[in-house]
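Source file: target10.cif. Holds: mmCIF, C-alpha atoms.
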data_protein
loop_
_atom_site.label_atom_id
_atom_site.label_comp_id
_atom_site.auth_asym_id
_atom_site.auth_seq_id
_atom_site.Cartn_x
_atom_site.Cartn_y
_atom_site.Cartn_z
CA MET A 1 100.74 16.42 134.86
CA MET A 2 99.85 18.09 138.14
CA GLY A 3 97.90 21.34 138.00
CA SER A 4 98.89 24.43 139.93
CA ARG A 5 96.51 23.42 142.72
CA GLY A 6 98.66 20.36 143.40
CA TRP A 7 101.59 22.63 144.22
CA SER A 8 99.63 25.34 146.04
CA ASP A 9 101.27 24.56 149.38
CA LEU A 10 104.83 24.72 148.02
CA ALA A 11 105.54 28.41 148.73
CA PRO A 12 104.47 28.38 152.41
CA ARG A 13 106.22 25.04 152.90
CA LEU A 14 109.46 26.45 151.53
CA GLY A 15 109.19 29.62 153.63
CA SER A 16 108.59 27.71 156.86
CA ALA A 17 111.31 25.20 155.98
CA LEU A 18 113.88 27.95 155.43
CA VAL A 19 113.11 29.56 158.79
CA LEU A 20 113.27 26.21 160.57
CA ALA A 21 116.47 25.24 158.77
CA SER A 22 118.16 28.51 159.76
CA ILE A 23 117.29 28.17 163.43
CA ALA A 24 118.00 24.44 163.59
CA GLY A 25 121.23 24.79 161.61
CA PHE A 26 122.61 27.34 164.06
CA ALA A 27 121.67 25.23 167.10
CA VAL A 28 122.96 21.95 165.65
CA TRP A 29 126.24 23.49 164.52
CA PHE A 30 127.09 25.05 167.88
CA GLY A 31 125.56 22.29 169.98
CA GLY A 32 125.63 22.54 173.77
CA TYR A 33 123.01 24.77 175.34
CA PHE A 34 121.88 26.09 171.95
CA PHE A 35 120.90 22.61 170.79
CA ALA A 36 119.49 21.66 174.19
CA CYS A 37 117.27 24.76 174.27
CA LEU A 38 116.04 24.13 170.75
CA LEU A 39 115.14 20.54 171.63
CA VAL A 40 113.28 21.61 174.77
CA VAL A 41 111.25 24.18 172.83
CA ILE A 42 110.43 21.76 169.98
CA ILE A 43 109.53 18.82 172.23
CA ALA A 44 107.43 21.02 174.53
CA ALA A 45 105.59 22.47 171.53
CA MET A 46 104.94 18.99 170.15
CA LEU A 47 103.49 17.90 173.49
CA TRP A 48 101.39 21.08 173.57
CA GLU A 49 99.95 20.05 170.21
CA LEU A 50 99.41 16.48 171.42
CA GLY A 51 97.68 17.80 174.53
CA THR A 52 95.50 20.10 172.44
CA MET A 53 94.30 17.10 170.44
CA LEU A 54 93.76 14.76 173.39
CA THR A 55 92.44 16.97 176.20
CA GLY A 56 89.29 18.10 174.47
CA GLY A 57 90.43 21.72 174.42
CA GLY A 58 91.38 21.82 178.10
CA LYS A 59 93.92 24.65 178.13
CA ALA A 60 95.08 24.14 181.72
CA ARG A 61 95.70 20.42 181.15
CA THR A 62 97.51 21.13 177.90
CA TRP A 63 99.87 23.62 179.52
CA VAL A 64 100.63 21.24 182.39
CA ILE A 65 101.54 18.58 179.80
CA THR A 66 103.75 21.12 178.01
CA VAL A 67 105.59 22.13 181.18
CA LEU A 68 106.03 18.49 182.22
CA ALA A 69 107.62 17.69 178.87
CA ALA A 70 109.99 20.67 179.07
CA LEU A 71 111.04 19.84 182.64
CA THR A 72 111.57 16.20 181.70
CA LEU A 73 113.87 17.10 178.81
CA MET A 74 115.88 19.47 181.00
CA ALA A 75 116.18 16.82 183.71
CA THR A 76 117.32 14.09 181.30
CA SER A 77 119.98 16.40 179.84
CA TYR A 78 121.30 17.01 183.37
CA TRP A 79 121.28 13.38 184.55
CA GLY A 80 123.06 11.28 181.97
CA SER A 81 122.32 7.85 183.48
CA PHE A 82 120.38 5.60 181.10
CA TRP A 83 118.09 4.15 183.76
CA ILE A 84 117.41 7.52 185.37
CA THR A 85 116.51 8.87 181.95
CA VAL A 86 114.15 5.96 181.24
CA ALA A 87 112.53 6.38 184.66
CA LEU A 88 112.03 10.12 184.16
CA LEU A 89 110.49 9.58 180.73
CA PHE A 90 108.19 6.87 182.04
CA VAL A 91 107.02 8.93 185.03
CA SER A 92 106.42 12.00 182.86
CA ALA A 93 104.47 10.04 180.22
CA THR A 94 102.40 8.40 182.97
CA LEU A 95 101.56 11.74 184.54
CA GLN A 96 100.60 13.11 181.15
CA ARG A 97 98.41 10.06 180.56
CA GLY A 98 96.33 11.12 183.54
CA LEU A 99 95.79 14.53 181.95
CA PHE A 100 94.63 13.28 178.56
CA VAL A 101 90.86 13.10 178.19
CA GLN A 102 90.75 10.71 175.23
CA GLN A 103 93.08 8.03 173.85
CA LYS A 104 95.05 8.01 177.11
CA ASN A 105 97.27 5.02 176.31
CA ILE A 106 98.02 6.22 172.78
CA GLY A 107 98.77 9.68 174.14
CA ALA A 108 101.19 8.27 176.71
CA LEU A 109 102.97 6.21 174.04
CA PHE A 110 103.30 9.24 171.77
CA SER A 111 104.56 11.33 174.66
CA PHE A 112 107.16 8.73 175.65
CA ALA A 113 108.29 8.36 172.03
CA ILE A 114 108.59 12.10 171.42
CA MET A 115 110.52 12.77 174.62
CA SER A 116 112.75 9.73 174.04
CA ALA A 117 113.67 11.02 170.60
CA GLY A 118 114.61 14.37 172.14
CA THR A 119 116.94 12.78 174.69
CA VAL A 120 118.62 10.60 172.06
CA LEU A 121 119.20 13.53 169.70
CA PHE A 122 120.76 15.53 172.54
CA ASP A 123 123.05 12.63 173.48
CA LEU A 124 124.09 12.05 169.87
CA ARG A 125 125.12 15.69 169.44
CA GLN A 126 126.86 15.87 172.81
CA ASP A 127 128.67 12.55 172.79
CA TYR A 128 129.27 11.71 169.14
CA GLY A 129 129.65 15.06 167.46
CA LEU A 130 128.31 16.88 164.45
CA PRO A 131 128.59 14.40 161.52
CA ILE A 132 126.17 11.77 162.83
CA ILE A 133 123.46 14.25 163.84
CA LEU A 134 123.75 16.11 160.52
CA TRP A 135 123.49 12.81 158.64
CA LEU A 136 120.38 11.77 160.56
CA ILE A 137 118.69 15.14 160.07
CA CYS A 138 119.53 15.21 156.35
CA LEU A 139 118.25 11.65 156.01
CA VAL A 140 114.86 12.61 157.43
CA VAL A 141 114.57 15.98 155.69
CA PHE A 142 115.51 14.75 152.22
CA THR A 143 113.37 11.64 152.55
CA ASP A 144 110.45 13.98 153.13
CA VAL A 145 111.48 16.33 150.30
CA ALA A 146 111.93 13.45 147.85
CA GLY A 147 108.64 11.92 148.94
CA TYR A 148 106.84 15.22 148.36
CA PHE A 149 108.27 16.00 144.92
CA VAL A 150 108.36 12.44 143.55
CA GLY A 151 104.87 11.71 144.86
CA LYS A 152 103.46 14.94 143.42
CA THR A 153 105.18 14.39 140.08
CA LEU A 154 104.66 10.66 139.48
CA GLY A 155 101.60 9.94 141.60
CA GLY A 156 100.50 6.33 141.38
CA PRO A 157 99.23 3.83 143.96
CA LYS A 158 98.80 5.04 147.52
CA PHE A 159 101.12 3.76 150.22
CA TRP A 160 98.39 3.50 152.86
CA ALA A 161 95.31 5.31 151.59
CA ARG A 162 93.15 4.67 154.63
CA VAL A 163 95.55 6.43 157.00
CA SER A 164 97.46 8.89 154.80
CA PRO A 165 95.72 9.41 151.44
CA LYS A 166 98.38 11.78 150.04
CA LYS A 167 101.33 9.38 150.35
CA THR A 168 102.21 7.28 147.32
CA TRP A 169 104.50 4.34 146.73
CA SER A 170 106.46 6.43 144.24
CA GLY A 171 107.16 9.05 146.91
CA THR A 172 108.03 6.38 149.47
CA LEU A 173 110.53 4.70 147.16
CA GLY A 174 111.94 8.08 146.15
CA GLY A 175 112.64 8.78 149.81
CA TRP A 176 114.46 5.46 150.21
CA LEU A 177 116.59 6.14 147.14
CA VAL A 178 117.63 9.59 148.37
CA ALA A 179 118.44 8.18 151.81
CA ALA A 180 120.69 5.57 150.18
CA ILE A 181 122.48 8.20 148.07
CA ILE A 182 123.06 10.51 151.05
CA SER A 183 124.49 7.65 153.09
CA PHE A 184 126.67 6.41 150.22
CA VAL A 185 128.29 9.87 150.11
CA ALA A 186 128.48 10.41 153.89
CA LYS A 187 129.51 6.93 155.01
CA ASP A 188 133.23 7.62 155.57
CA TYR A 189 132.42 10.70 157.66
CA VAL A 190 129.69 9.14 159.77
CA ALA A 191 130.51 5.44 160.12
CA PRO A 192 133.96 4.51 158.73
CA GLN A 193 133.98 1.43 160.97
CA THR A 194 131.11 -0.35 159.21
CA THR A 195 130.59 -1.69 155.71
CA LEU A 196 129.03 0.43 152.98
CA LEU A 197 126.23 -2.06 152.31
CA SER A 198 125.15 -2.31 155.96
CA PHE A 199 125.26 1.46 156.38
CA VAL A 200 123.17 2.11 153.26
CA LEU A 201 120.62 -0.55 154.27
CA PHE A 202 120.53 1.00 157.75
CA ALA A 203 119.81 4.39 156.19
CA VAL A 204 116.97 2.98 154.10
CA PHE A 205 115.49 1.41 157.23
CA LEU A 206 115.68 4.74 159.07
CA SER A 207 114.05 6.44 156.08
CA PHE A 208 111.21 3.91 156.34
CA ALA A 209 111.04 4.39 160.13
CA GLY A 210 110.68 8.12 159.58
CA GLN A 211 107.89 7.55 157.08
CA MET A 212 106.13 5.28 159.59
CA GLY A 213 106.43 8.02 162.22
CA ASP A 214 104.59 10.27 159.77
CA ILE A 215 101.98 7.56 159.17
CA CYS A 216 101.42 7.05 162.91
CA GLU A 217 100.87 10.76 163.44
CA SER A 218 98.44 10.82 160.50
CA ALA A 219 96.53 7.97 162.12
CA LEU A 220 96.34 9.88 165.41
CA LYS A 221 95.00 12.97 163.64
CA ARG A 222 92.35 10.87 161.96
CA ILE A 223 91.30 9.46 165.33
CA CYS A 224 91.09 12.98 166.73
CA GLY A 225 89.32 14.34 163.65
CA VAL A 226 91.88 17.07 162.86
CA LYS A 227 93.75 17.90 159.67
CA ASP A 228 96.90 19.34 161.29
CA SER A 229 98.34 19.11 164.79
CA SER A 230 98.27 22.94 164.91
CA ASN A 231 98.75 25.94 162.60
CA LEU A 232 102.11 27.06 163.98
CA LEU A 233 103.97 26.44 160.71
CA PRO A 234 102.43 27.74 157.46
CA GLY A 235 102.30 25.00 154.85
CA HIS A 236 103.31 22.32 157.34
CA GLY A 237 100.65 22.48 160.05
CA GLY A 238 102.31 22.04 163.42
CA LEU A 239 105.64 21.00 164.82
CA LEU A 240 104.29 17.51 165.39
CA ASP A 241 103.44 17.38 161.68
CA ARG A 242 106.94 18.53 160.83
CA PHE A 243 108.98 16.40 163.25
CA ASP A 244 106.96 13.18 163.37
CA ALA A 245 109.36 11.60 160.88
CA MET A 246 112.36 12.64 162.97
CA VAL A 247 110.79 10.92 165.98
CA GLY A 248 110.24 7.74 163.96
CA ALA A 249 113.76 7.73 162.52
CA THR A 250 115.34 8.43 165.91
CA LEU A 251 113.42 5.60 167.54
CA GLY A 252 114.53 3.35 164.68
CA PHE A 253 118.09 4.48 165.34
CA ILE A 254 117.82 3.59 169.05
CA VAL A 255 116.69 0.06 168.27
CA THR A 256 118.99 -0.87 165.38
CA ALA A 257 122.20 1.18 165.64
CA PRO A 258 124.02 -1.20 168.05
CA TRP A 259 123.64 -4.00 165.50
CA VAL A 260 124.91 -1.88 162.60
CA PHE A 261 127.92 -0.10 164.01
CA PRO A 262 129.27 0.75 167.48
CA ILE A 263 128.81 4.42 168.40
#
Let me see the structure of the file written as structure tokens.
Amino acid sequence: MMGSRGWSDLAPRLGSALVLASIAGFAVWFGGYFFACLLVVIIAAMLWELGTMLTGGGKARTWVITVLAALTLMATSYWGSFWITVALLFVSATLQRGLFVQQKNIGALFSFAIMSAGTVLFDLRQDYGLPIILWLICLVVFTDVAGYFVGKTLGGPKFWARVSPKKTWSGTLGGWLVAAIISFVAKDYVAPQTTLLSFVLFAVFLSFAGQMGDICESALKRICGVKDSSNLLPGHGGLLDRFDAMVGATLGFIVTAPWVFPI
């Protein structure tokens, strides 16, 4: 049985989550410029946090990285061409690499991944409507929620103790189960053209991809010697701490979606 200390971060986590959910819910529902602006702010803030960790406290460098990320997202939302988007993301990540003081290659990869996730989420909302983006967001959010509560309640063996000592196999499997249930219910609204089994397995894979995004960010923080990417969100740390799983799941979506169902 967990003591009260094990749940001490629950109240601030819930408060921050409710604020984020309200803002994100409004932007996702109305789409268009609302969603685009939200993505630009979130991605820029995540790159600000990444820059803070990898520039050795260089404020000027960090703000240049932040502005580059914001401009890149705005440019990719204006030019819809796939190859132009890839080129813009590559150039931006390369320029940011030159501004990082440590772990330059890792920083560039993180930057490219974060900005890529932002462009894909924008395209999904613009081109394929509300159901698919809501499903993906719910998949990531409830995987995290299930992982938190199941892991805290059941405990047990660690998933990858060296990198992320708080994550357990019970929480990981709980996240997969919730992802499967959500997708079982939402399948006809999101992907009526594919089979139920393939869609549920796809969802479990994306749940795992989101968890690996979280693990990768935990590994980066260990390399940098920090507990949280920032203190912007009480109970959660920073936006990079909060949205690392969304980045992982979105990248997983990019790679596997064409083989699961045509969108």
Output of the PyMOL selection byres ((chain A and resi 164-174) around 8), listed as a ChimeraX atom specification: /A:143,146-152,154-163,175-178,208,211,215,218-219
Residues matched by the PyMOL selection byres ((chain A and resi 65-77) around 6), written as a PyMOL selection string: chain A and resi 40+44+47-48+62-64+78-79+85+96
May I have the residues from that selection written out with C-alpha atoms, as a short mmCIF file (atom, residue, chain, number, x, y, z; two decimals), keeping the file's coordinate frame?
data_model
loop_
_atom_site.label_atom_id
_atom_site.label_comp_id
_atom_site.auth_asym_id
_atom_site.auth_seq_id
_atom_site.Cartn_x
_atom_site.Cartn_y
_atom_site.Cartn_z
CA VAL A 40 113.28 21.61 174.77
CA ALA A 44 107.43 21.02 174.53
CA LEU A 47 103.49 17.90 173.49
CA TRP A 48 101.39 21.08 173.57
CA THR A 62 97.51 21.13 177.90
CA TRP A 63 99.87 23.62 179.52
CA VAL A 64 100.63 21.24 182.39
CA TYR A 78 121.30 17.01 183.37
CA TRP A 79 121.28 13.38 184.55
CA THR A 85 116.51 8.87 181.95
CA GLN A 96 100.60 13.11 181.15
#
Expansion of the PyMOL selection byres ((chain A and resi 127-133) around 12) into residues, as a VMD selection string: chain A and resid 24 to 32 35 77 80 119 to 126 134 to 140 183 186 to 192 203 246 249 to 250 253 257 262 to 263
Contacts of Val200 in chain A at 8 Å (all atoms listed in the file; same-chain gap of 5+ positions) as an MDAnalysis selection string: chainID A and resid 179:180 183:184
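You can rank A:Asp214, A:Asp144, A:Asp244, A:Glu49 by their closest distance to Ala17 in chain A using only C-alpha atoms, and at the top of that list sits A:Asp144.
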Interatomic distance, CA of Ile42 in chain A to CA of Val226 in chain A (Å, one decimal):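 Result for CA of Ile42 in chain A versus CA of Val226 in chain A: 20.4 Å, one decimal.
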